[in-house]
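Engineer: Pasting a structure here, questions to come.
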Amino acid sequence: MAQRLKNNLAPLRLHVPEPKFRPGDKADFSDIVVPPVDALPRPDEAVKPAEIHDLAYGLVRVLDDDSGARGSWNPGLDADRLRLMLRKMLLLRAFDDRMFRAQRQGKTSFYMKSFGEEATSVATAMTLQHDDMCFPSYRQQGILITRDYPMIEMMNQIYSNRGDRLKGRQLPIMYSAKDYGFFSISGNLTTQYPQAVGWAMASASRGDTRIAAVWCGDGSTAEGDFHSALTFAAVYNAPVIFQVVNNQWAISSFSGFAGSERTTFAARAIGYGIAGLRVDGNDALAVYAAMEWAANRARTNNGPTLIEYFTYRGEGHSTSDDPSAYRAAEEYAEWPLGDPVERLKAHLIGLGEWSDEQHAALSVALMDEVKTTQKEAEKNGILGHGLHHPFETMFEDVFEEMPWHLKEQCAQMLEEQHDKFGDEWKPN
Amino acid sequence: MAQRLKNNLAPLRLHVPEPKFRPGDKADFSDIVVPPVDALPRPDEAVKPAEIHDLAYGLVRVLDDDSGARGSWNPGLDADRLRLMLRKMLLLRAFDDRMFRAQRQGKTSFYMKSFGEEATSVATAMTLQHDDMCFPSYRQQGILITRDYPMIEMMNQIYSNRGDRLKGRQLPIMYSAKDYGFFSISGNLTTQYPQAVGWAMASASRGDTRIAAVWCGDGSTAEGDFHSALTFAAVYNAPVIFQVVNNQWAISSFSGFAGSERTTFAARAIGYGIAGLRVDGNDALAVYAAMEWAANRARTNNGPTLIEYFTYRGEGHSTSDDPSAYRAAEEYAEWPLGDPVERLKAHLIGLGEWSDEQHAALSVALMDEVKTTQKEAEKNGILGHGLHHPFETMFEDVFEEMPWHLKEQCAQMLEEQHDKFGDEWKPN
Amino acid sequence: MIEAINSALDVMLTRDPDVVIMGEDVGYFGGVFRATAGLQRKHGKTRVFDTPITECGIIGVGVGMAAYGLRPVPEIQFADYIYPGLDQLVSEAARMRYRSANDFICPMTVRSPFGGGIFGGQTHSQSPESMFTHVCGIKTVIPANPYDAKGLLIAAIEDNDPVVFFEPKRIYNGPFSGYYDRPVEPWSKHEGSAVPEDYYRIELGKAATVREGEAVTVLTYGTMVHVVKAVVAETGIDAEIIDLRTLLPLDIETIEASVKKTGRCMVVHEATRTSGFGAELAAQVQERCFYHLEAPVERVTGFDTPYPHSLEWAYFPGPVRLARAFDKIMKD
Amino acid sequence: MIEAINSALDVMLTRDPDVVIMGEDVGYFGGVFRATAGLQRKHGKTRVFDTPITECGIIGVGVGMAAYGLRPVPEIQFADYIYPGLDQLVSEAARMRYRSANDFICPMTVRSPFGGGIFGGQTHSQSPESMFTHVCGIKTVIPANPYDAKGLLIAAIEDNDPVVFFEPKRIYNGPFSGYYDRPVEPWSKHEGSAVPEDYYRIELGKAATVREGEAVTVLTYGTMVHVVKAVVAETGIDAEIIDLRTLLPLDIETIEASVKKTGRCMVVHEATRTSGFGAELAAQVQERCFYHLEAPVERVTGFDTPYPHSLEWAYFPGPVRLARAFDKIMKD
Ligand SMILES: Cc1ncc(C[n+]2csc(CCOP(=O)(O)OP(=O)(O)O)c2C)c(N)n1
Ligand SMILES: Cc1ncc(C[n+]2csc(CCOP(=O)(O)OP(=O)(O)O)c2C)c(N)n1
Ligand SMILES: [Mg+2]
Ligand SMILES: [Mg+2]
């Protein structure tokens with residue numbers, strides 16, 4: 001195929017996006033527009049989507065540059081609730097730290113931190129009812145922590161040990177906790193999107209009052225499931241809240257490969273005629289406010305909302321990833337929207353309801369709590385060290401009742417274990 | 001699961017869309033807003049998508065209520081070209097009529113008409129270069145007719161006879177004509193969308209000047225492929241034109257099940273930050289103008305456009321369908337945007353370049369032309385009457401070279417035919 | 001058979017408020033094959049409704065509904081169009097119970113017409129069942145007559161695991177002997193076509209021996225049951241014909257007993273040959289009955305090409321292909 | 001092996017301006033397994049680039065590029081994630097030549113790491129190859145060592161039909177004996193790991209006999225080639241080990257000749273058992289070699305469950321499972 005120029009037309013060009021900074025570059029985010037607090041005031045929850053297109057291009061903010069909470073989006077939380085929010089974010093951070101380290105110590109195969117994005121799971125979970133169903137991606141462990149899911153259960157899962165409620169079957173961090181309104185996490189991106197819509201449709205069709213909330217990353221928005229989900233939700237006015245945690249990166253690909261060079265992720269909502277909000281994801285109060293708005297909207301039969309949290313993935317994609325290979329080292333430090341924990345802390349201090357000392361003490365206390373729990377969990381075993389669920393459990397739950405062929409295979413497997421380990425092979 | 005009312009909340013409700021009219025109802029489309037010609041004037045082709053959101057909610061029109069061509073979108077075609085356009089639409093209509101009838105006569109298994117939507121294939125094809133690649137759905141036979149593809153080839157395909165270039169393999173109307181810039185039609189909805197983007201990306205990456213155009217129906221926009229395609233096109237600024245022929249109906253489901261109760265299909269473009277136009281699909285000049293605008297835009301590296309043609313499916317979905325079972329009988333007659341052929345005819349007559357007599361004569365002449373071609377085609381056989389491609393062809397083209405297992409199966413099949421038909425079994 | 005399916009859905013909608021039916025054109029219109037005719041009117045729009053055209057969405061939404069506690073029964077209009085929804089079936093529905101250790105389950109039945117013989121061309125004729133049997137966590141069910149269709153569909157809907165329920169569309173309106181040039185016989189003239197109005201179920205995982213015989217065991221399902229029966233009747237071969245009904249879990253006992261009795265085994269399906277379900281059947285039969293087999297397990301299948309439109313009857317595993325296979329296996 | 005794959009891609013990008021590589025993270029970063037490391041820098045951003053995360057889009061766009069005249073080589077990051085793109089592969093890529101009667105073709109090679117043994121849990125460990133062998137119009141290729149990986153990948157890219165090229169990720173960085181508790185041996189220490197820098201191709205559809213023997217034929221591919229070799233070396237069984245390399249089209253001649261010689265056949269793969277490719281192999285072997293077989297064809301496979309994270313070595317068809325199978329088949 002030769003190049004063909006015709007009618008004196010200039011040749012076509014393929015545009016391939018490129019992030020602004022690569023390793024060695026100095027990160028400079030001065031081009032990111034941070035509008036003033038309340039640039040776009042909070043509309044009524046029953047507003048028509050067509051009337052709030054600008055909210056999909058703005059940035060809902062509550063915490064001002066001086067850390068004061070301002071404007072119509074301010075959810076007006078009391079100090080106890082603010083401290084609870086801070087505590088949960090700190091606990092999440094401590095948990096992430098320890099578990100990341102556990103992976104590095106060879107105690108498990110895999111871990112994923114949510115550093116820098118803590119507000120998008122903690123503040124959101126605080127707005128929902130306990131029995132609303134969350135359909136998270138793999139980076140919303142903050143929901144479980146906020147909902148007081150026993151941390152030891154999370155650790156058992158991460159270690160795939162004999163205490164793991166998921167029987168060691170799932171990759172670490174792929175929790176499932178129905179009682180805590182936390183849907184089984186999938187390794188397959190964005191599949192939870194239509195599922196959340198289905199759950200919400202079921203709830204609506206039964207005249208229930210529970211709503212669904214679903215999370216995915218910026219990169220994941222490209223999957224077809226995203227579109228199927230938004231289409232279904234628009235058609236049936238499903239009581240569901242779509243959330244896109246735009247942390248700027250997929251694995252090594254920046255959000256430009258999901259379309260962010262042209263528009264915001266919140267603007268996707270406009271295409272379906274549903275409400276869309278773009279929110280400062282590192283402002284826990286803005287996150288809370290947006291989610292509360294969307295939840296009220298869903299619960300009063302005003303339909304679905306898509307919220308984009310504009311945030312930044314402070315660390316690697318997972319323990320398998322090394323971000324220094326593809327992005328500038330200091331991006332997080334330069335991030336114009338700061339750190340969600342630091343911002344909330346500053347706010348509380350500004351209110352006179354918190355202090356650096358209290359903060360330091362709490363951090364230590366929470367880290368101790370995590371360490372203690374970790375020790376407990378490790379009594380149940382760590383990955384690859386024998387204390388796993390019995391081998392037979394591998395064949396359970398494929399179906400409700402085990403069919404003959406799995407029974408046969410199970411018997412075969414047990415004989416193999418016997419060949420391998422002799423009479424004392426049976427662990428547990 | 002009992003209904004649970006909590007916090008005095010009203011129960012959720014599932015909204016299930018319902019079209020305005022069902023069999024027995026009187027169709028009344030007076031609520032459809034038809035804006036005046038040039039309500040939204042034609043912007044420069046290099047305009048930023050963000051500046052033309054309103055075009056996604058308007059309706060590009062050229063032919064005024066008095067059939068005059070007005071406004072900035074008027075493509076200013078000379079009378080010869082207008083007559084050519086009319087002729088192609090009439091020919092398409094005659095072709096559809098005969099082939100529909102052929103199916104009813106048992107000469108083939110299946111047919112799909114494009115009645116009422118002729119402008120969306122004829123006028124669009126006229127704006128493109130002959131070597132731009134069209135990725136049609138099954139209802140754009142007008143492209144082939146406009147590009148002077150030999151009609152007998154279309155008929156041979158419909159009859160799956162020995163003249164069929166597709167060797168009788170495909171369902172009728174699933175043409176393929178690379179030399180005419182017409183991509184192989186798929187039975188699977190919307191798969192052509194990402195393919196068109198890929199073709200356009202390839203063209204751009206080679207510095208070619210050819211662009212791609214792709215069509216799908218309103219119902220088909222719900223498939224994940226649609227989203228994947230728009231995402232890719234947005235990311236790489238692909239020179240592709242997306243078209244949604246919104247003929248109000250999928251099979252028995254109205255466009256509300258694709259989300260039209262909330263917004264327009266053109267508005268989907270806004271979500272991706274690409275240009276979106278909503279066009280009167282029964283106004284051939286508006287269709288031409290919109291497509292020309294988008295083609296110019298694509299060819300000058302200004303990126304993709306999504307065009308919605310607002311039109312109406314005048315007849316059944318296919319020969320397998322009976323629309324009287326699910327929609328009001330007189331919808332087409334009541335359709336506020338009229339009939340594309342009649343409107344163009346009236347325009348030409350208004351210009352003094354056409355007359356009722358000429359129109360009637362042309363209709364007869366074209367029908368004769370179609371009938372004559374049909375007779376020719378039927379010499380090559382009709383479906384199920386022996387004059388098909390040799391049986392061996394069934395095994396060809398699965399791969400470039402036939403692997404051993406297909407050779408074995410082919411030999412087996414030939415022996416079967418021998419058993420079945422004896423020595424004279426070989427047709428052709 | 002289409003009425004039997006309709007009746008099964010009606011019965012289940014009536015008995016169980018958790019049952020929900022959805023799919024393209026299944027609502028007001030009642031489905032392109034009329035499987036859901038009248039159900040929306042009777043049970044209401046929130047129980048039986050049309051959907052957007054996205055198989056990914058239909059199945060994914062079904063998974064979510066099932067997680068909530070409903071029993072969704074989505075329809076995929078043609079089995080050929082199930083692929084856009086395959087990820088939701090394979091990676092989600094099939095895995096839900098296992099990956100969550102029973103925390104979430106997926107009692108969903110995906111109905112879909114499959115198979116050829118209606119001049120549907122390559123995209124309205126496919127038989128993709130073997131793919132589903134490879135996916136652990138899904139049951140695959142295929143009825144061959146109205147009575148079974150109703151009983152199996154009810155059992156599928158009541159099952160607490162995801163079931164793919166493939167309906168052989170060629171026999172929706174009557175059995176099919178394989179002689180496409182003979183007049184269509186309606187179900188009403190057919191034995192075993194009487195379908196009780198009320199609730200009944202046929203256990204999943206149990207095959208039916210539709211003809212007892214001593215000479216050779218024929219394992220088949222769907223449309224091909226009738227074609228095999230016609231050929232057997234014509235040729236007078238004393239074949240034992242087993243209608244598998246459920247491909248997974250397979251009724252291995254019935255199969256094994258029969259093959260050990262007859263010493264010969266033929267497997268018949270319309271799907272393409274390579275890695276079709278016949279491969280699994282052949283593999284299992286020779287594993288379990290090796291010393292009883294007097295001839296290789298013979299597979300009679302569709303060819304490894306797309307389903308061709310005009311040559312559909314040269315493609316279809318009809319009477320001639322079957323007769324030749326019987327000749328061969330009885331000679332061996 | 002990962003370097004060999006990288007080299008094949010580099011060679012083809014250099015030789016043929018129509019070759020284009022795309023996929024999630026394959027561009028600047030060079031792929032999560034480093035298969036495309038350095039290629040964007042060398043060949044430019046329009047030849048090697050990252051994509052949106054939509055497998056449907058990646059494969060669908062590839063089909064369109066191929067229709068234009070390019071030779072796209074998309075990567076699917078893990079085989080487990082190929083399902084959202086399956087419709088574009090099965091209904092489009094595989095059908096293009098046939099349905100258009102050669103008007104359009106699809107010379108596309110979809111690369112994807114597959115298989116387990118890396119503690120990837122159920123969504124980074126699957127082996128879905130048998131599904132693709134059921135789809136007519138696609139070739140399925142699986143290399144087992146660096147030399148073959150390069151030669152086969154070049155042949156796949158040059159092939160004018162769509163090829164699914166599954167790379168056994170467990171052996172990217174060294175062969176694997178199946179003893180997960182022994183130190184990893186790098187490829188450099190392994191025979192046949194020397195990979196010429198330049199262009200060469202290994203014809204698709206040809207198996208390799210990696211060990212000649214008289215006692216039993218073992219049909220296998222990918223990672224399992226090495227596990228089988230280790231067990232054979234240990235037990236001293238005189239097995240003939242055949243590395244299939246291409247599953248479709250299958251090298252039936254090599255298989256048939258070997259089984260007729262040894263009289264016994266074992267099939268080994270990591271994929272789940274039911275309707276795995278072993279079923280097709282067993283079916284064909286018994287069809288063609290029935291009167292030579294002294295024992296049933298024995299399948300040694302992964303179990304019919306998702307790949308469990310913590311019990312991955314109880315799931316994997318390792319040395320113990322193989323040794324037991326050898327015992328059985330030699331006794332029969
Ligand atoms: C269907 C599918 N395709 C690809 C992957 C591999 N993968 C895992 S995470 C990831 C990046 C996701 O990025 P994003 O959506 O931005 O989420 P984040 O990790 O930033 O929260 C990719 C490509 C997958 N898990 N599933
Ligand atoms: C993937 C897929 N799902 C379902 C179908 C069945 N089907 C064929 S046409 C059609 C309706 C399409 O409606 P629309 O997109 O509005 O196109 P129109 O026929 O109105 O031009 C359906 C559901 C299909 N062909 N492919
Ligand atoms: Mg991200
Ligand atoms: Mg339509």
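Please note that chains go A, B, ... in the order of the structure tokens, that every chain numbers its residues from 1, and that ligands are numbered from 1 in the order shown.
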Please identify the residues whose atoms come within 9 Å of ligand 1, using only C-alpha atoms and all ligand atoms, and report them as an NGL selection string.
Structural biologist: (:A and (112 or 114 or 137-140 or 186-191 or 216-223 or 244-255 or 258 or 312-313 or 316-318)) or (:C and (87)) or (:D and (24-25 or 52-55 or 76-78 or 80-84 or 123-124))
Engineer: Could you please tell me, as a ChimeraX atom specification, which residues of chain C have an atom within 6 Å of chain D when using only C-alpha atoms?
Structural biologist: /C:83-84,87,131,134,136,274-275,279-280,282-283,286-287,290,296,304-305
Engineer: Put those residues in a file: N, CA and C atoms, as a PDB file, in the first residue's frame.
Structural biologist:
ATOM      1  N   TYR C  83     -21.972 -14.358  21.910  1.00  0.00           N
ATOM      2  CA  TYR C  83     -20.560 -14.038  22.166  1.00  0.00           C
ATOM      3  C   TYR C  83     -20.335 -12.681  22.833  1.00  0.00           C
ATOM      4  N   PRO C  84     -21.046 -11.624  22.441  1.00  0.00           N
ATOM      5  CA  PRO C  84     -20.793 -10.360  23.148  1.00  0.00           C
ATOM      6  C   PRO C  84     -21.103 -10.463  24.645  1.00  0.00           C
ATOM      7  N   ASP C  87     -18.303 -13.049  28.120  1.00  0.00           N
ATOM      8  CA  ASP C  87     -17.466 -12.744  29.275  1.00  0.00           C
ATOM      9  C   ASP C  87     -18.309 -12.727  30.548  1.00  0.00           C
ATOM     10  N   MET C 131     -18.616 -25.064  23.747  1.00  0.00           N
ATOM     11  CA  MET C 131     -17.860 -24.038  24.478  1.00  0.00           C
ATOM     12  C   MET C 131     -18.310 -23.938  25.928  1.00  0.00           C
ATOM     13  N   HIS C 134     -17.131 -26.496  28.381  1.00  0.00           N
ATOM     14  CA  HIS C 134     -15.729 -26.348  28.786  1.00  0.00           C
ATOM     15  C   HIS C 134     -15.589 -25.370  29.962  1.00  0.00           C
ATOM     16  N   CYS C 136     -16.290 -24.396  33.527  1.00  0.00           N
ATOM     17  CA  CYS C 136     -16.816 -24.978  34.751  1.00  0.00           C
ATOM     18  C   CYS C 136     -17.685 -23.969  35.478  1.00  0.00           C
ATOM     19  N   THR C 274     -14.660 -30.362  14.994  1.00  0.00           N
ATOM     20  CA  THR C 274     -13.461 -30.236  15.825  1.00  0.00           C
ATOM     21  C   THR C 274     -13.773 -29.559  17.158  1.00  0.00           C
ATOM     22  N   SER C 275     -13.432 -30.235  18.221  1.00  0.00           N
ATOM     23  CA  SER C 275     -13.706 -29.751  19.573  1.00  0.00           C
ATOM     24  C   SER C 275     -15.186 -29.508  19.837  1.00  0.00           C
ATOM     25  N   ALA C 279     -16.464 -34.674  20.736  1.00  0.00           N
ATOM     26  CA  ALA C 279     -15.094 -35.020  21.106  1.00  0.00           C
ATOM     27  C   ALA C 279     -15.054 -35.465  22.565  1.00  0.00           C
ATOM     28  N   GLU C 280     -15.710 -34.706  23.424  1.00  0.00           N
ATOM     29  CA  GLU C 280     -15.735 -35.064  24.844  1.00  0.00           C
ATOM     30  C   GLU C 280     -16.425 -36.413  25.045  1.00  0.00           C
ATOM     31  N   ALA C 282     -16.748 -38.864  22.868  1.00  0.00           N
ATOM     32  CA  ALA C 282     -15.893 -39.931  22.351  1.00  0.00           C
ATOM     33  C   ALA C 282     -14.764 -40.223  23.331  1.00  0.00           C
ATOM     34  N   ALA C 283     -14.175 -39.147  23.865  1.00  0.00           N
ATOM     35  CA  ALA C 283     -13.064 -39.321  24.798  1.00  0.00           C
ATOM     36  C   ALA C 283     -13.529 -40.099  26.030  1.00  0.00           C
ATOM     37  N   GLN C 286     -14.437 -43.882  25.250  1.00  0.00           N
ATOM     38  CA  GLN C 286     -13.288 -44.787  25.111  1.00  0.00           C
ATOM     39  C   GLN C 286     -12.514 -44.916  26.421  1.00  0.00           C
ATOM     40  N   GLU C 287     -12.571 -43.882  27.261  1.00  0.00           N
ATOM     41  CA  GLU C 287     -11.923 -44.021  28.573  1.00  0.00           C
ATOM     42  C   GLU C 287     -12.605 -45.087  29.429  1.00  0.00           C
ATOM     43  N   PHE C 290     -13.462 -48.893  27.013  1.00  0.00           N
ATOM     44  CA  PHE C 290     -12.467 -49.297  26.014  1.00  0.00           C
ATOM     45  C   PHE C 290     -12.536 -50.789  25.699  1.00  0.00           C
ATOM     46  N   PRO C 296     -14.284 -48.074  16.680  1.00  0.00           N
ATOM     47  CA  PRO C 296     -14.043 -46.742  17.231  1.00  0.00           C
ATOM     48  C   PRO C 296     -15.353 -45.979  17.420  1.00  0.00           C
ATOM     49  N   ASP C 304     -16.551 -28.596   9.523  1.00  0.00           N
ATOM     50  CA  ASP C 304     -15.777 -27.504  10.131  1.00  0.00           C
ATOM     51  C   ASP C 304     -15.735 -26.268   9.242  1.00  0.00           C
ATOM     52  N   THR C 305     -16.905 -25.828   8.857  1.00  0.00           N
ATOM     53  CA  THR C 305     -17.035 -24.595   8.076  1.00  0.00           C
ATOM     54  C   THR C 305     -18.173 -23.796   8.708  1.00  0.00           C
TER      55      THR C 305
END
Engineer: Can you work out which one of A:Asp208, A:Asp25, A:Asp368, A:Glu45 has the shortest atom-to-atom distance to chain C, counting only C-alpha atoms?
Structural biologist: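 Under the stated criterion, the closest residue is A:Asp208.
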Engineer: List the spatial neighbours of Asn301 of chain A as a PyMOL selection string - criterion: any atom at most 10 Å away, only C-alpha atoms, same-chain residues fewer than 2 positions off excluded.
Structural biologist: (chain A and resi 46+204+209+237-239+296-299+303-304) or (chain B and resi 10-15)
Engineer: Applying 10 Å and only C-alpha atoms, which residues near His309 of chain D remain after dropping the ones on its own chain fewer than 3 positions away? List them as JSON, numbers by chain.
Structural biologist: {"A": [109, 160, 167, 168, 169, 170, 171, 172, 383, 384, 394], "D": [116, 117, 118, 119, 120, 121, 122, 123, 124, 125, 306, 312, 313, 315]}
Engineer: Looking at only C-alpha atoms and all ligand atoms, which of B:Arg87, B:His227, B:His359, B:Lys113 is the one that sits closest to ligand 2?
Structural biologist: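 Closest to ligand 2, using only C-alpha atoms and all ligand atoms: B:Lys113.
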Engineer: Write out as a PDB file with N, CA and C atoms, in the first residue's frame every residue belonging to chain B that has an atom at most 7 Å from any atom of chain D, counting only C-alpha atoms.
Structural biologist:
ATOM      1  N   LEU B 166     -20.483 -14.328  -3.545  1.00  0.00           N
ATOM      2  CA  LEU B 166     -20.205 -14.839  -2.201  1.00  0.00           C
ATOM      3  C   LEU B 166     -20.479 -16.338  -2.104  1.00  0.00           C
ATOM      4  N   LYS B 167     -20.639 -16.971  -3.272  1.00  0.00           N
ATOM      5  CA  LYS B 167     -20.740 -18.431  -3.349  1.00  0.00           C
ATOM      6  C   LYS B 167     -21.904 -19.009  -2.536  1.00  0.00           C
ATOM      7  N   ARG B 169     -22.925 -18.397   0.305  1.00  0.00           N
ATOM      8  CA  ARG B 169     -22.648 -18.689   1.714  1.00  0.00           C
ATOM      9  C   ARG B 169     -23.415 -17.808   2.684  1.00  0.00           C
ATOM     10  N   GLN B 170     -23.697 -16.591   2.244  1.00  0.00           N
ATOM     11  CA  GLN B 170     -24.247 -15.605   3.174  1.00  0.00           C
ATOM     12  C   GLN B 170     -25.756 -15.473   3.023  1.00  0.00           C
ATOM     13  N   SER B 176     -20.802  -8.056  -0.081  1.00  0.00           N
ATOM     14  CA  SER B 176     -19.421  -7.628   0.144  1.00  0.00           C
ATOM     15  C   SER B 176     -18.892  -7.162  -1.201  1.00  0.00           C
ATOM     16  N   ALA B 177     -18.303  -5.989  -1.261  1.00  0.00           N
ATOM     17  CA  ALA B 177     -17.816  -5.481  -2.556  1.00  0.00           C
ATOM     18  C   ALA B 177     -16.666  -4.519  -2.310  1.00  0.00           C
ATOM     19  N   LYS B 178     -15.512  -5.102  -2.113  1.00  0.00           N
ATOM     20  CA  LYS B 178     -14.337  -4.307  -1.773  1.00  0.00           C
ATOM     21  C   LYS B 178     -14.034  -3.255  -2.843  1.00  0.00           C
ATOM     22  N   SER B 184     -17.772  -6.116   3.810  1.00  0.00           N
ATOM     23  CA  SER B 184     -18.573  -7.330   4.025  1.00  0.00           C
ATOM     24  C   SER B 184     -19.545  -7.148   5.197  1.00  0.00           C
ATOM     25  N   THR B 191     -20.664  -4.864  14.996  1.00  0.00           N
ATOM     26  CA  THR B 191     -19.261  -5.290  14.919  1.00  0.00           C
ATOM     27  C   THR B 191     -18.486  -4.434  13.920  1.00  0.00           C
ATOM     28  N   PRO B 194     -16.058  -0.913  15.406  1.00  0.00           N
ATOM     29  CA  PRO B 194     -14.601  -0.870  15.643  1.00  0.00           C
ATOM     30  C   PRO B 194     -13.797  -1.175  14.380  1.00  0.00           C
ATOM     31  N   GLN B 195     -14.359  -1.979  13.510  1.00  0.00           N
ATOM     32  CA  GLN B 195     -13.637  -2.312  12.280  1.00  0.00           C
ATOM     33  C   GLN B 195     -13.423  -1.069  11.421  1.00  0.00           C
ATOM     34  N   ALA B 196     -14.447  -0.248  11.332  1.00  0.00           N
ATOM     35  CA  ALA B 196     -14.313   0.987  10.560  1.00  0.00           C
ATOM     36  C   ALA B 196     -13.237   1.881  11.174  1.00  0.00           C
ATOM     37  N   VAL B 197     -13.199   1.911  12.491  1.00  0.00           N
ATOM     38  CA  VAL B 197     -12.178   2.721  13.161  1.00  0.00           C
ATOM     39  C   VAL B 197     -10.794   2.164  12.841  1.00  0.00           C
ATOM     40  N   GLY B 198     -10.681   0.845  12.870  1.00  0.00           N
ATOM     41  CA  GLY B 198      -9.399   0.224  12.553  1.00  0.00           C
ATOM     42  C   GLY B 198      -8.958   0.544  11.131  1.00  0.00           C
ATOM     43  N   TRP B 199      -9.895   0.493  10.216  1.00  0.00           N
ATOM     44  CA  TRP B 199      -9.572   0.811   8.818  1.00  0.00           C
ATOM     45  C   TRP B 199      -9.111   2.268   8.718  1.00  0.00           C
ATOM     46  N   ALA B 202      -5.715   2.701  10.179  1.00  0.00           N
ATOM     47  CA  ALA B 202      -4.706   2.180   9.257  1.00  0.00           C
ATOM     48  C   ALA B 202      -4.427   3.209   8.173  1.00  0.00           C
ATOM     49  N   SER B 205      -2.468   5.991   9.631  1.00  0.00           N
ATOM     50  CA  SER B 205      -1.089   5.639   9.993  1.00  0.00           C
ATOM     51  C   SER B 205      -0.227   5.512   8.746  1.00  0.00           C
ATOM     52  N   ASP B 225     -19.622  -2.749  21.234  1.00  0.00           N
ATOM     53  CA  ASP B 225     -18.752  -2.387  20.107  1.00  0.00           C
ATOM     54  C   ASP B 225     -18.859  -0.901  19.772  1.00  0.00           C
ATOM     55  N   SER B 228     -16.631   0.892  22.250  1.00  0.00           N
ATOM     56  CA  SER B 228     -15.220   0.630  21.955  1.00  0.00           C
ATOM     57  C   SER B 228     -14.784   1.450  20.754  1.00  0.00           C
ATOM     58  N   ALA B 229     -15.646   1.513  19.759  1.00  0.00           N
ATOM     59  CA  ALA B 229     -15.315   2.211  18.524  1.00  0.00           C
ATOM     60  C   ALA B 229     -15.182   3.707  18.782  1.00  0.00           C
ATOM     61  N   PHE B 232     -11.964   4.400  20.788  1.00  0.00           N
ATOM     62  CA  PHE B 232     -10.764   4.329  19.940  1.00  0.00           C
ATOM     63  C   PHE B 232     -10.672   5.552  19.023  1.00  0.00           C
ATOM     64  N   ASP B 397     -12.073 -21.237   1.327  1.00  0.00           N
ATOM     65  CA  ASP B 397     -12.029 -19.923   1.970  1.00  0.00           C
ATOM     66  C   ASP B 397     -12.280 -19.951   3.473  1.00  0.00           C
ATOM     67  N   VAL B 398     -12.379 -21.141   4.056  1.00  0.00           N
ATOM     68  CA  VAL B 398     -12.333 -21.159   5.523  1.00  0.00           C
ATOM     69  C   VAL B 398     -10.935 -20.671   5.918  1.00  0.00           C
ATOM     70  N   PHE B 399      -9.951 -21.222   5.185  1.00  0.00           N
ATOM     71  CA  PHE B 399      -8.572 -20.736   5.281  1.00  0.00           C
ATOM     72  C   PHE B 399      -8.067 -20.457   3.870  1.00  0.00           C
ATOM     73  N   GLU B 400      -6.969 -19.758   3.787  1.00  0.00           N
ATOM     74  CA  GLU B 400      -6.385 -19.518   2.468  1.00  0.00           C
ATOM     75  C   GLU B 400      -6.075 -20.846   1.776  1.00  0.00           C
ATOM     76  N   PRO B 403      -6.898 -27.021   4.846  1.00  0.00           N
ATOM     77  CA  PRO B 403      -6.142 -27.997   5.636  1.00  0.00           C
ATOM     78  C   PRO B 403      -6.706 -29.420   5.444  1.00  0.00           C
TER      79      PRO B 403
END
Engineer: Calculated over only C-alpha atoms and all ligand atoms, which of the candidates B:Thr319, B:Gln105, B:Thr127, B:Thr146 has the smallest distance to ligand 2?
Structural biologist: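 For ligand 2, the nearest of the given residues is B:Thr319.
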Engineer: I'd like to know which of A:Ala328, A:Phe265, A:Gly71, A:Leu344 is closest to ligand 3, using only C-alpha atoms and all ligand atoms.
Structural biologist: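 The closest residue to ligand 3 is A:Phe265.
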Engineer: For ligand 2, which residue out of C:Tyr307, C:Phe33, C:Trp187, C:Tyr221 is the nearest one, using only C-alpha atoms and all ligand atoms?
Structural biologist: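 That would be C:Phe33, the residue with the smallest distance to ligand 2.
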